[in-house]
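Participant: Just entry34.txt, nothing more (compact mmCIF, C-alpha atoms and all ligand atoms):
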```
# COMPACT_ATOMS: atom_id res chain seq x y z
CA MET A 16 2.07 -13.73 -14.69
CA LYS A 17 -0.99 -12.98 -12.61
CA LEU A 18 -0.77 -9.37 -13.82
CA ILE A 19 -0.85 -10.30 -17.50
CA GLU A 20 -3.97 -12.33 -16.89
CA PHE A 21 -5.33 -9.30 -15.10
CA SER A 22 -4.77 -6.92 -18.02
CA LEU A 23 -6.52 -9.41 -20.28
CA ALA A 24 -9.38 -9.38 -17.80
CA CYS A 25 -9.57 -5.60 -18.17
CA ALA A 26 -9.73 -5.90 -21.95
CA PHE A 27 -12.27 -8.70 -21.74
CA SER A 28 -14.56 -6.61 -19.56
CA LEU A 29 -14.44 -3.94 -22.28
CA LEU A 30 -15.29 -6.33 -25.08
CA SER A 31 -17.96 -8.24 -23.24
CA SER A 32 -20.05 -5.23 -22.36
CA SER A 33 -20.74 -2.10 -24.32
CA PHE A 34 -20.83 -0.27 -20.96
CA ALA A 35 -17.40 -1.66 -19.93
CA SER A 36 -18.66 -1.59 -16.38
CA ALA A 37 -16.10 -0.70 -13.77
CA ALA A 38 -15.51 -3.14 -10.95
CA ILE A 39 -15.50 -2.59 -7.22
CA VAL A 40 -12.22 -3.95 -5.88
CA GLU A 41 -12.44 -4.57 -2.15
CA HIS A 42 -9.61 -5.42 0.24
CA THR A 43 -9.38 -6.05 3.97
CA PHE A 44 -6.14 -4.76 5.50
CA ARG A 45 -5.41 -5.97 9.01
CA VAL A 46 -2.62 -3.86 10.49
CA GLN A 47 -0.84 -6.06 13.00
CA ASN A 48 2.36 -6.92 14.82
CA THR A 49 4.18 -9.60 12.87
CA THR A 50 7.30 -11.59 13.64
CA ILE A 51 9.54 -11.79 10.58
CA LYS A 52 12.91 -13.46 10.14
CA ARG A 53 15.48 -11.75 7.90
CA PHE A 54 19.25 -12.28 7.88
CA CYS A 55 18.78 -15.08 10.44
CA GLU A 56 17.27 -12.70 13.01
CA GLU A 57 13.71 -12.49 14.23
CA GLN A 58 12.06 -9.14 14.86
CA VAL A 59 8.55 -7.78 15.39
CA ILE A 60 7.38 -5.27 12.80
CA VAL A 61 3.99 -3.79 11.90
CA THR A 62 2.57 -5.21 8.67
CA VAL A 63 -0.67 -5.48 6.75
CA ASN A 64 -2.06 -9.02 6.86
CA GLY A 65 1.28 -10.37 8.12
CA LEU A 66 2.96 -9.62 4.77
CA PHE A 67 6.21 -7.70 4.23
CA PRO A 68 5.94 -6.03 1.75
CA GLY A 69 2.17 -5.78 2.07
CA PRO A 70 -0.52 -7.01 -0.34
CA THR A 71 -0.61 -5.76 -3.94
CA ILE A 72 -3.71 -3.85 -5.04
CA SER A 73 -4.41 -4.53 -8.73
CA VAL A 74 -7.21 -2.69 -10.49
CA CYS A 75 -8.27 -1.45 -13.91
CA GLU A 76 -8.61 2.22 -14.76
CA GLY A 77 -12.06 3.40 -13.72
CA ASP A 78 -12.55 0.86 -10.93
CA THR A 79 -13.70 1.74 -7.45
CA VAL A 80 -11.32 0.74 -4.66
CA ILE A 81 -12.54 0.04 -1.13
CA VAL A 82 -9.98 -0.84 1.55
CA HIS A 83 -11.32 -1.80 4.95
CA VAL A 84 -8.54 -1.11 7.46
CA PHE A 85 -8.67 -2.79 10.87
CA ASN A 86 -5.97 -1.45 13.15
CA GLU A 87 -4.96 -4.41 15.31
CA GLY A 88 -1.48 -2.97 15.84
CA PRO A 89 -0.17 -0.85 18.71
CA TYR A 90 0.13 2.51 16.89
CA ASP A 91 -2.16 5.14 15.35
CA ILE A 92 -2.04 4.74 11.57
CA THR A 93 -3.35 6.02 8.24
CA LEU A 94 -2.74 4.74 4.71
CA HIS A 95 -1.84 6.82 1.64
CA TRP A 96 -2.28 5.74 -1.99
CA HIS A 97 0.91 7.28 -3.34
CA GLY A 98 0.54 8.55 -6.90
CA VAL A 99 -3.21 8.03 -7.08
CA PHE A 100 -5.07 11.23 -7.94
CA GLN A 101 -7.97 11.57 -5.53
CA LEU A 102 -10.57 13.01 -7.88
CA PHE A 103 -13.64 14.05 -5.88
CA SER A 104 -12.38 12.05 -2.86
CA PRO A 105 -9.60 14.13 -1.20
CA TRP A 106 -10.61 12.77 2.22
CA ALA A 107 -9.38 9.33 1.10
CA ASP A 108 -5.80 10.53 0.48
CA GLY A 109 -4.52 9.43 3.87
CA PRO A 110 -1.89 11.80 5.36
CA GLU A 111 -2.39 11.77 9.13
CA TYR A 112 -3.77 15.08 10.49
CA VAL A 113 -3.92 16.54 6.96
CA THR A 114 -6.93 14.84 5.41
CA GLN A 115 -7.99 12.66 8.33
CA CYS A 116 -7.43 11.79 11.97
CA SER A 117 -5.49 8.61 12.57
CA ILE A 118 -7.08 5.20 12.82
CA ARG A 119 -6.62 4.39 16.49
CA PRO A 120 -5.60 0.92 17.68
CA ARG A 121 -8.62 -1.40 17.89
CA SER A 122 -10.60 0.76 15.47
CA SER A 123 -11.27 0.66 11.74
CA TYR A 124 -11.77 2.89 8.73
CA ALA A 125 -12.80 2.26 5.12
CA TYR A 126 -11.00 4.09 2.30
CA LYS A 127 -13.12 4.46 -0.82
CA PHE A 128 -12.04 6.12 -4.06
CA ASN A 129 -12.10 5.74 -7.83
CA VAL A 130 -9.07 5.32 -10.09
CA THR A 131 -10.48 7.27 -13.01
CA GLN A 132 -8.36 8.48 -15.95
CA GLN A 133 -5.11 7.20 -14.49
CA GLU A 134 -2.89 4.18 -15.13
CA GLY A 135 0.43 2.92 -13.92
CA THR A 136 2.34 1.22 -11.13
CA VAL A 137 2.49 3.22 -7.91
CA TRP A 138 2.47 2.20 -4.27
CA TRP A 139 0.56 2.55 -1.03
CA HIS A 140 2.12 3.15 2.37
CA ALA A 141 1.39 4.11 5.95
CA HIS A 142 1.30 7.90 6.37
CA ALA A 143 1.68 8.15 10.14
CA SER A 144 5.04 8.56 11.83
CA TYR A 145 7.57 6.19 10.22
CA LEU A 146 5.34 3.12 9.90
CA ARG A 147 5.72 3.29 6.12
CA ALA A 148 9.10 1.58 6.60
CA THR A 149 7.26 -1.73 6.96
CA VAL A 150 3.66 -0.93 5.96
CA HIS A 151 3.70 -0.58 2.18
CA GLY A 152 2.93 -2.41 -1.05
CA ALA A 153 2.39 -2.09 -4.80
CA PHE A 154 -0.67 -0.43 -6.32
CA ILE A 155 -1.13 -1.32 -9.99
CA ILE A 156 -3.68 0.35 -12.25
CA GLN A 157 -3.91 -1.54 -15.54
CA PRO A 158 -5.28 0.14 -18.68
CA ARG A 159 -8.96 -0.72 -19.02
CA SER A 160 -8.53 -1.42 -22.74
CA GLY A 161 -5.67 -3.86 -22.06
CA GLN A 162 -3.66 -1.68 -24.49
CA PHE A 163 -0.35 -0.35 -23.21
CA PRO A 164 1.18 2.87 -24.60
CA PHE A 165 4.21 0.75 -25.59
CA PRO A 166 4.68 -2.78 -26.99
CA LYS A 167 2.85 -5.32 -24.87
CA PRO A 168 5.12 -6.43 -22.03
CA TYR A 169 6.26 -10.04 -22.04
CA LYS A 170 5.86 -10.12 -18.30
CA GLN A 171 5.23 -7.70 -15.44
CA ILE A 172 7.13 -8.05 -12.17
CA PRO A 173 6.67 -5.33 -9.55
CA LEU A 174 9.87 -4.64 -7.59
CA ILE A 175 9.50 -3.04 -4.17
CA LEU A 176 12.57 -1.29 -2.80
CA GLY A 177 12.78 -0.86 0.94
CA ASP A 178 15.12 -0.92 3.87
CA LEU A 179 15.26 -2.82 7.10
CA TYR A 180 16.06 -1.48 10.57
CA LYS A 181 17.48 -3.36 13.54
CA SER A 182 15.10 -1.69 16.01
CA ASN A 183 11.45 -0.79 16.12
CA VAL A 184 11.09 2.12 13.65
CA GLU A 185 8.85 4.02 16.08
CA ASP A 186 11.58 3.85 18.76
CA ILE A 187 14.10 5.14 16.20
CA THR A 188 12.00 8.19 15.27
CA THR A 189 11.13 8.90 18.93
CA GLU A 190 14.82 8.72 19.84
CA ALA A 191 15.73 11.11 17.00
CA GLN A 192 13.08 13.60 18.15
CA ILE A 193 14.34 13.48 21.74
CA THR A 194 18.04 13.84 20.90
CA GLY A 195 17.58 16.17 17.93
CA GLY A 196 20.06 14.02 16.02
CA GLY A 197 19.48 12.09 12.83
CA PRO A 198 17.59 8.82 13.10
CA ASN A 199 19.59 5.57 13.10
CA THR A 200 20.07 4.32 9.59
CA SER A 201 18.83 1.04 8.21
CA PHE A 202 21.19 -1.92 8.09
CA ALA A 203 19.98 -3.41 4.81
CA PHE A 204 18.34 -2.41 1.57
CA THR A 205 15.73 -4.80 0.30
CA THR A 206 14.41 -5.56 -3.17
CA MET A 207 11.35 -7.73 -3.11
CA VAL A 208 8.99 -9.12 -5.67
C1 LIG B 301 3.47 -4.92 19.18
O1 LIG B 301 4.86 -4.71 19.17
C2 LIG B 301 5.27 -3.55 19.90
C3 LIG B 301 6.77 -3.37 19.66
O2 LIG B 301 7.47 -4.58 19.75
C4 LIG B 301 4.93 -3.75 21.38
O3 LIG B 301 5.30 -2.58 22.11
C5 LIG B 301 3.42 -3.96 21.50
O4 LIG B 301 3.09 -4.25 22.84
C6 LIG B 301 2.95 -5.08 20.60
N1 LIG B 301 1.49 -5.04 20.62
C7 LIG B 301 0.72 -6.10 20.48
C8 LIG B 301 -0.75 -5.85 20.46
O5 LIG B 301 1.18 -7.22 20.32
C1 LIG B 302 -16.91 6.50 -8.27
O1 LIG B 302 -17.52 5.82 -9.33
C2 LIG B 302 -18.85 5.40 -9.04
C3 LIG B 302 -19.31 4.54 -10.22
O2 LIG B 302 -19.12 5.25 -11.42
C4 LIG B 302 -19.74 6.62 -8.80
O3 LIG B 302 -21.03 6.20 -8.45
C5 LIG B 302 -19.14 7.40 -7.63
O4 LIG B 302 -19.87 8.59 -7.47
C6 LIG B 302 -17.71 7.75 -7.91
N1 LIG B 302 -17.15 8.34 -6.70
C7 LIG B 302 -16.38 9.39 -6.73
C8 LIG B 302 -15.88 9.86 -5.40
O5 LIG B 302 -16.10 9.98 -7.77
C1 LIG B 303 20.72 3.78 17.55
O1 LIG B 303 22.11 3.49 17.42
C2 LIG B 303 22.84 3.71 18.63
C3 LIG B 303 24.31 3.51 18.30
O2 LIG B 303 24.52 2.24 17.71
C4 LIG B 303 22.35 2.75 19.71
O3 LIG B 303 23.03 2.98 20.91
C5 LIG B 303 20.84 3.01 19.92
O4 LIG B 303 20.33 2.06 20.85
C6 LIG B 303 20.09 2.88 18.61
N1 LIG B 303 18.71 3.25 18.83
C7 LIG B 303 17.69 2.45 18.60
C8 LIG B 303 16.31 3.01 18.86
O5 LIG B 303 17.83 1.33 18.19
```
Since I need it in another form, could you write the structure as structure tokens?

Facilitator:
Amino acid sequence: MKLIEFSLACAFSLLSSSFASAAIVEHTFRVQNTTIKRFCEEQVIVTVNGLFPGPTISVCEGDTVIVHVFNEGPYDITLHWHGVFQLFSPWADGPEYVTQCSIRPRSSYAYKFNVTQQEGTVWWHAHASYLRATVHGAFIIQPRSGQFPFPKPYKQIPLILGDLYKSNVEDITTEAQITGGGPNTSFAFTTMV
């Protein structure tokens, strides 16, 4: 229900100002080791802000997004905004060693980009090694007008599909690279709101 309020907020900003000024949406993402308990078992995974799945980014078309990433975890990391067109900001796209060097442990980086002329529900995820298995979340770009290209939804509920591994996902990928075999598979599929 938060999202419906948000789309109304987008429409309101259009009505209340002839300039329909775009907002700056700022987030702080602390990448960190987190103990979670699923299926009665505790395990340590890397998360953003201790959340699994990670925080949702909700914006209106045309907004500027700034994400301050503090890497307090043990691994090099980058973040990718999957499905967001990086118009005039390709350096903010996130693939490790493609558009940027990784964010080293105990260092930080600020991603800054605009979501101009694009709408929809996509996701963000880690783009270094296999950290995306646990470092991901929804990225929702609401229409600035508050008008959907289909009848107004009664409710919006983002569903995040994922899977859960018994071991540290970095150990699994390292093991697969050493043996040349396939990586161990996950033991559960997850659907989370
Ligand atoms: C985080 O967890 C990993 C894997 O369990 C461990 O190797 C590392 O030492 C931990 N780092 C910190 C800073 O807690
Ligand atoms: C993003 O939008 C702001 C405000 O319109 C503008 O000043 C800035 O140049 C834009 N940045 C990019 C990378 O397009
Ligand atoms: C992968 O699975 C094999 C077989 O069950 C197990 O011996 C191995 O320890 C697992 N590797 C990791 C990194 O968990």

Participant: Show which residues sit within 8 Å of A:Gln47, as a compact mmCIF listing (two decimals) with C-alpha atoms, keeping the file's coordinate frame. Count all atoms listed in the file, and ignore same-chain residues fewer than 3 positions away.

Facilitator:
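Output below, filename result33.txt:
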```txt
# COMPACT_ATOMS: atom_id res chain seq x y z
CA VAL A 61 3.99 -3.79 11.90
CA THR A 62 2.57 -5.21 8.67
CA VAL A 63 -0.67 -5.48 6.75
CA ASN A 64 -2.06 -9.02 6.86
CA GLY A 65 1.28 -10.37 8.12
CA ASN A 86 -5.97 -1.45 13.15
CA GLU A 87 -4.96 -4.41 15.31
CA GLY A 88 -1.48 -2.97 15.84
CA PRO A 89 -0.17 -0.85 18.71
```

Participant: Please provide as a PyMOL selection string all residues within 12 Å of A:Thr200, with the sequence filter that same-chain residues fewer than 6 positions apart are discarded (counting all atoms listed in the file).

Facilitator: chain A and resi 148+178-184+187-188+191

Participant: Find, counting only C-alpha atoms and all ligand atoms, the residue in A:Lys167, A:Arg45, A:Lys127, A:His140 that gets nearest to ligand LIG 302 (chain B).

Facilitator: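 With only C-alpha atoms and all ligand atoms as the atom set, the closest residue is A:Lys127.
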
Participant: Counting all atoms listed in the file, figure out which residue out of A:Pro110, A:Pro158, A:Gly196, A:Gly152 gets nearest to A:Val208.

Facilitator: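 Selected residue with least distance to A:Val208: A:Gly152.
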
Participant: Quick one: of A:Leu174, A:Val40, A:Leu94, A:Ile72, who's nearest to A:Ile118, counting all atoms listed in the file?

Facilitator: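 Smallest distance to A:Ile118 is found for A:Leu94.
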